[in-house]
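Q: Before anything else, here's the structure in question.
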Amino acid sequence: MSYTPASNRYESMKYNRCGNSGLLLPAISLGLWHNFGSVDVFENGRSIVRRAFDRGITHFDLANNYGPSPGSAEENFGKMLKKDFSRNLRDEMIISTKAGYYMWPGPYGEWGSRKYLISSLNQSLSRMQLDYVDIFYSHRPDPNTPMEETMMALDTVVRQGKALYAGISNYSADESKKAIEILKSLGTPCLIHQPKYSMFERWVEGGLLDVLGKSGVGCIPFSPLAQGLLTDRYLKGIPENSRAAKSHGYLKVGEITEERLEKIRKLNDMAKKRNQSLAQMALSWLLKDKRITTVLIGASSVGQLDNNIDAINNLEYSKEELAAIEAILK
Ligand SMILES: NC(=O)c1ccc[n+]([C@@H]2O[C@H](COP(=O)([O-])OP(=O)(O)OC[C@H]3O[C@@H](n4cnc5c(N)ncnc54)[C@H](OP(=O)(O)O)[C@@H]3O)[C@@H](O)[C@H]2O)c1
């Protein structure tokens, strides 16, 4: 089935400036960590990507190791690009990838050396059949590689035109400050930081967001729904097709405790009062902070994707609502 993107795709999405850069990103971005690998149904992933684009999502996030099997999400995404997004549509998309976690055996297959980062990006480009990605990330800081070396590798690929922008992920506030300074001195500014951030995971509030805000670096929180916990997914047990039920899923059944569920139920009631789904409330709660450029969601169906995108219809919070959420989360 050939694909023609919806002609009204830019009419309702919100686009936010990424830090001090020239780049606008959609308030909701789509990640391909789960649901797009060789273990998944290709046509399901394809329909999610098409629908995302139809609704104004221009930003698609990958990494070398996404699958399983590692690399297969990039391969599948490359096939989707070939089938559905040929020629000028590539210019309407922001595609990111990363390197940092284990990808191949031997001393050059993970962490932050120049050797690994540049080899990995070359492999990612070949899996996705692309000439360049828009954003290339150091996926995690490497305590055993000088940060200058890792940042120089990012600077190199940007100068080579293999990536248009450089980003960092999972760096602490202090590490980020250092990385941002090094990149600045090299002449390739740090575009964006990708940390884990949700109502259930708030470490970024202890310094990182201030560093990013002051430095004019964008922020794209990953797992903003805590992998599905901050939705109605687990309110009535653990569905068979859910991430928690899958052996390769990163969400473990043990994380769905009664204490958690109690909070989730209360948050769900509160979302209802706001005429939102819990997923929508979890996303808009992050987007209320102007330092957050976009939230990086996952979805296993078009229905979930649509539900999440509709979060942008209600981004306002009263003081009372914020206090009530804090009371539930504490
Ligand atoms: N930089 C890093 O180290 C790092 C690490 C992790 C992720 N990421 C990035 O962040 C992206 C998002 O991560 P994530 O998938 O964990 O995000 P998430 O949005 O927190 O969780 C997505 C999962 O939640 C469930 N879900 C989503 N919308 C729903 C809805 N409206 N109603 C009910 N359930 C819903 C689905 O689970 P089911 O499958 O159960 O349906 C979906 O797969 C990844 O794809 C990746 O690009 C980056």
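Each chain in the structure tokens gets a letter, A, B, ..., in the order shown, and its residues are numbered from 1; ligands are numbered from 1 in order too.
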Write out as a ChimeraX atom specification the residues lying within 7 Å of region 80-85 of chain A, counting only C-alpha atoms and excluding same-chain residues fewer than 3 positions away.
A: /A:2-3,46,76-77,89-90
Q: Would you save the residues from that selection as an mmCIF file, in the first residue's frame, using N, CA and C atoms?
A:
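Final output, part-v2.cif:
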```cif
data_model
loop_
_atom_site.group_PDB
_atom_site.id
_atom_site.type_symbol
_atom_site.label_atom_id
_atom_site.label_comp_id
_atom_site.auth_asym_id
_atom_site.auth_seq_id
_atom_site.Cartn_x
_atom_site.Cartn_y
_atom_site.Cartn_z
ATOM 1 N N SER A 2 0.717 2.080 -0.986
ATOM 2 C CA SER A 2 1.574 3.264 -0.999
ATOM 3 C C SER A 2 1.033 4.300 -0.004
ATOM 4 N N TYR A 3 1.900 5.168 0.408
ATOM 5 C CA TYR A 3 1.568 6.115 1.480
ATOM 6 C C TYR A 3 1.687 7.547 0.985
ATOM 7 N N ARG A 46 5.092 0.018 11.129
ATOM 8 C CA ARG A 46 4.978 0.907 9.970
ATOM 9 C C ARG A 46 3.735 1.799 10.094
ATOM 10 N N ASN A 76 14.587 -1.974 10.302
ATOM 11 C CA ASN A 76 13.167 -1.850 9.962
ATOM 12 C C ASN A 76 12.796 -0.409 9.629
ATOM 13 N N PHE A 77 13.343 0.517 10.397
ATOM 14 C CA PHE A 77 13.040 1.927 10.125
ATOM 15 C C PHE A 77 13.579 2.315 8.741
ATOM 16 N N LEU A 89 10.652 13.867 1.520
ATOM 17 C CA LEU A 89 10.085 13.685 2.864
ATOM 18 C C LEU A 89 11.185 13.538 3.910
ATOM 19 N N ARG A 90 12.337 13.041 3.517
ATOM 20 C CA ARG A 90 13.453 12.945 4.462
ATOM 21 C C ARG A 90 13.782 14.320 5.049
#
```
Q: List all protein, DNA and RNA residues that have at least one atom no more than 6 Å from any atom of ligand 1, counting only C-alpha atoms and all ligand atoms, and write them as a compact mmCIF listing (two decimals) with N, CA and C atoms, in the first residue's frame.
A:
```txt
# COMPACT_ATOMS: atom_id res chain seq x y z
N GLY A 31 9.77 7.26 19.86
CA GLY A 31 10.97 6.43 20.02
C GLY A 31 10.71 5.02 19.55
N LEU A 32 11.76 4.37 19.02
CA LEU A 32 11.62 3.03 18.45
C LEU A 32 12.40 1.98 19.24
N TRP A 33 12.49 2.17 20.53
CA TRP A 33 13.23 1.25 21.40
C TRP A 33 12.53 -0.12 21.45
N HIS A 34 11.23 -0.11 21.77
CA HIS A 34 10.43 -1.34 21.76
C HIS A 34 9.46 -1.26 20.58
N ASP A 61 13.25 8.69 17.09
CA ASP A 61 14.48 8.45 17.86
C ASP A 61 14.85 6.97 17.84
N LEU A 62 16.10 6.71 17.48
CA LEU A 62 16.61 5.33 17.47
C LEU A 62 17.93 5.26 18.22
N HIS A 139 25.35 7.94 24.07
CA HIS A 139 24.20 7.34 24.77
C HIS A 139 24.40 7.30 26.29
N SER A 169 23.18 11.77 26.35
CA SER A 169 22.07 11.10 27.04
C SER A 169 22.61 10.44 28.31
N GLN A 194 19.13 13.88 26.53
CA GLN A 194 18.04 12.91 26.63
C GLN A 194 18.14 12.15 27.95
N PHE A 222 13.08 10.74 28.15
CA PHE A 222 12.67 9.43 27.65
C PHE A 222 11.89 8.67 28.72
N SER A 223 11.11 7.69 28.26
CA SER A 223 10.19 6.93 29.12
C SER A 223 9.34 7.87 29.98
N PRO A 224 8.67 8.84 29.34
CA PRO A 224 7.85 9.79 30.11
C PRO A 224 6.62 9.13 30.72
N LEU A 225 6.26 7.95 30.22
CA LEU A 225 5.13 7.22 30.80
C LEU A 225 5.62 6.10 31.71
N ALA A 226 6.90 6.18 32.11
CA ALA A 226 7.51 5.13 32.94
C ALA A 226 7.24 3.75 32.32
N GLN A 227 7.45 3.69 31.00
CA GLN A 227 7.31 2.46 30.22
C GLN A 227 5.88 1.90 30.19
N GLY A 228 4.91 2.74 30.50
CA GLY A 228 3.51 2.28 30.47
C GLY A 228 2.87 2.30 31.85
N THR A 231 -0.03 5.01 32.74
CA THR A 231 -1.18 4.92 31.82
C THR A 231 -2.19 4.01 32.51
N ASP A 232 -3.26 3.71 31.81
CA ASP A 232 -4.23 2.78 32.41
C ASP A 232 -3.89 1.32 32.12
N ARG A 233 -2.71 1.07 31.53
CA ARG A 233 -2.32 -0.27 31.05
C ARG A 233 -2.40 -1.35 32.13
N SER A 242 1.41 -6.82 26.93
CA SER A 242 2.05 -5.60 27.46
C SER A 242 3.57 -5.78 27.59
N ARG A 243 4.24 -4.66 27.73
CA ARG A 243 5.70 -4.70 27.86
C ARG A 243 6.12 -5.53 29.08
N ALA A 279 -2.17 8.85 30.66
CA ALA A 279 -1.00 9.05 29.78
C ALA A 279 -0.90 10.53 29.39
N LEU A 296 9.58 12.10 24.72
CA LEU A 296 9.91 10.99 23.80
C LEU A 296 9.13 9.73 24.21
N ILE A 297 8.02 9.53 23.55
CA ILE A 297 7.14 8.41 23.93
C ILE A 297 7.46 7.15 23.14
N GLY A 298 6.95 6.03 23.65
CA GLY A 298 6.88 4.80 22.89
C GLY A 298 5.41 4.46 22.71
N ALA A 299 5.10 3.61 21.75
CA ALA A 299 3.71 3.18 21.55
C ALA A 299 3.73 1.81 20.88
N SER A 300 2.79 0.95 21.29
CA SER A 300 2.70 -0.35 20.63
C SER A 300 1.50 -0.42 19.70
N GLN A 304 -2.69 4.01 20.99
CA GLN A 304 -1.87 4.61 22.07
C GLN A 304 -1.23 5.90 21.57
N ASN A 307 -3.72 8.69 21.41
CA ASN A 307 -4.04 9.12 22.76
C ASN A 307 -2.94 10.04 23.30
N ASN A 308 -1.70 9.65 23.08
CA ASN A 308 -0.59 10.43 23.61
C ASN A 308 -0.47 11.79 22.93
```
Q: Skipping near chain neighbours, those fewer than 2 positions away, what residues fall within 10 Å of Asn170 (chain A) using only C-alpha atoms, listed as a PyMOL selection string?
A: chain A and resi 138-141+168+172-173+175-176+193-196+204+222
Q: In Å to one decimal, how far is CA of Gly213 (chain A) from CA of Leu283 (chain A)?
A: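 Here the two named atoms are 19.4 Å from each other.
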Q: My list of candidates is A:Val253, A:Gly78, A:Leu208, A:Ala163. Which is closest to Ile292 (chain A) when distances are computed with only C-alpha atoms?
A: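 Going through A:Val253, A:Gly78, A:Leu208, A:Ala163 one by one, the smallest distance to Ile292 (chain A) is for A:Leu208.
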Q: Would you mind writing down, as a list in words, each residue of region 135-207 of chain A that DSSP on the backbone assigns to strand (DSSP E or B)?
A: Ile135, Phe136, Tyr137, Ser138, Ala163, Leu164, Tyr165, Ala166, Gly167, Ile168, Ser169, Cys190, Leu191, Ile192, His193, Gln194, Lys196, Ser198 and Glu201 of chain A
Q: Determine, using only C-alpha atoms, which residues of region 153-180 of chain A have any atom at most 12 Å from an atom of region 123-126 of chain A, and tabulate each with its shortest atom pair and distance in Å to one decimal place, rows ordered by chain and then rising number, as a Markdown table.
A:
```
| residue | atom | partner | partner_atom | distance |
| --- | --- | --- | --- | --- |
| A:Val157 | CA | A:Leu125 | CA | 11.8 |
| A:Gly161 | CA | A:Leu125 | CA | 11.8 |
| A:Lys162 | CA | A:Leu125 | CA | 8.3 |
| A:Ala163 | CA | A:Leu125 | CA | 9.8 |
```
Q: Go through region 66-304 of chain A and collect every residue that DSSP, computed from the backbone, puts in alpha helix (DSSP H); the answer should be as a ChimeraX atom specification.
A: /A:72-84,114-128,147-159,173-186,208-215,258-273,278-287,302-304
Q: When you look at Thr97 (chain A) with a cut-off of 7 Å (counting only C-alpha atoms), what residues show up, excluding the ones that are within fewer than 2 positions of it in the same chain? I need them as a list in words.
A: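 Neighbouring residues, sequence-local ones excluded: Asp61, Leu62, Ala63, Asn64, Ile95, Ile135, Phe136 and Tyr137 of chain A.
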Q: Put those residues in a file: C-alpha atoms, as a compact mmCIF listing (two decimals), in the first residue's frame.
A:
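Now in again_21.txt:
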```txt
# COMPACT_ATOMS: atom_id res chain seq x y z
CA ASP A 61 14.48 8.45 17.86
CA LEU A 62 16.61 5.33 17.47
CA ALA A 63 19.83 3.84 18.81
CA ASN A 64 22.29 1.30 17.46
CA ILE A 95 16.06 11.19 12.83
CA ILE A 135 21.11 14.06 15.83
CA PHE A 136 23.88 11.73 17.00
CA TYR A 137 24.11 11.07 20.73
```
Q: Could you give me, as number ranges by chain, the residues within 9 Å of Pro189 (chain A), counting only C-alpha atoms and dropping anything in the same chain fewer than 2 positions from it?
A: A: 21, 155, 165-167, 180-187, 191, 217
Q: Just want the 10 Å neighbourhood of Lys290 (chain A), counted on only C-alpha atoms, with same-chain residues fewer than 6 positions away dropped. Output as number ranges by chain.
A: A: 16-17, 19, 213, 218-219
Q: How would the residues just picked look written out with C-alpha atoms as an mmCIF file, in the first residue's frame?
A:
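The resulting file, out-v6.cif, is reproduced below:
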```cif
data_model
loop_
_atom_site.group_PDB
_atom_site.id
_atom_site.type_symbol
_atom_site.label_atom_id
_atom_site.label_comp_id
_atom_site.auth_asym_id
_atom_site.auth_seq_id
_atom_site.Cartn_x
_atom_site.Cartn_y
_atom_site.Cartn_z
ATOM 1 C CA ASN A 16 9.125 23.977 20.364
ATOM 2 C CA ARG A 17 12.557 25.448 19.881
ATOM 3 C CA GLY A 19 17.271 25.191 23.526
ATOM 4 C CA GLY A 213 18.176 25.871 30.893
ATOM 5 C CA GLY A 218 17.142 21.348 24.834
ATOM 6 C CA CYS A 219 15.749 18.466 26.860
#
```
Q: Which one is closest to Tyr15 (chain A): A:Thr294, A:Gln276, A:Asn122, A:Asn65? Count only C-alpha atoms.
A: A:Thr294
Q: Considering only C-alpha atoms, return as a VMD selection string whatever protein or nucleic-acid residues lie within 10 Å of region 48-58 of chain A, sequence-local ones (same chain, fewer than 4 positions apart) excluded.
A: chain A and resid 3 to 15 24 to 32 35 to 36 43 to 44 77 80 to 81 84 to 85 90 to 95 299 to 306 309 to 310
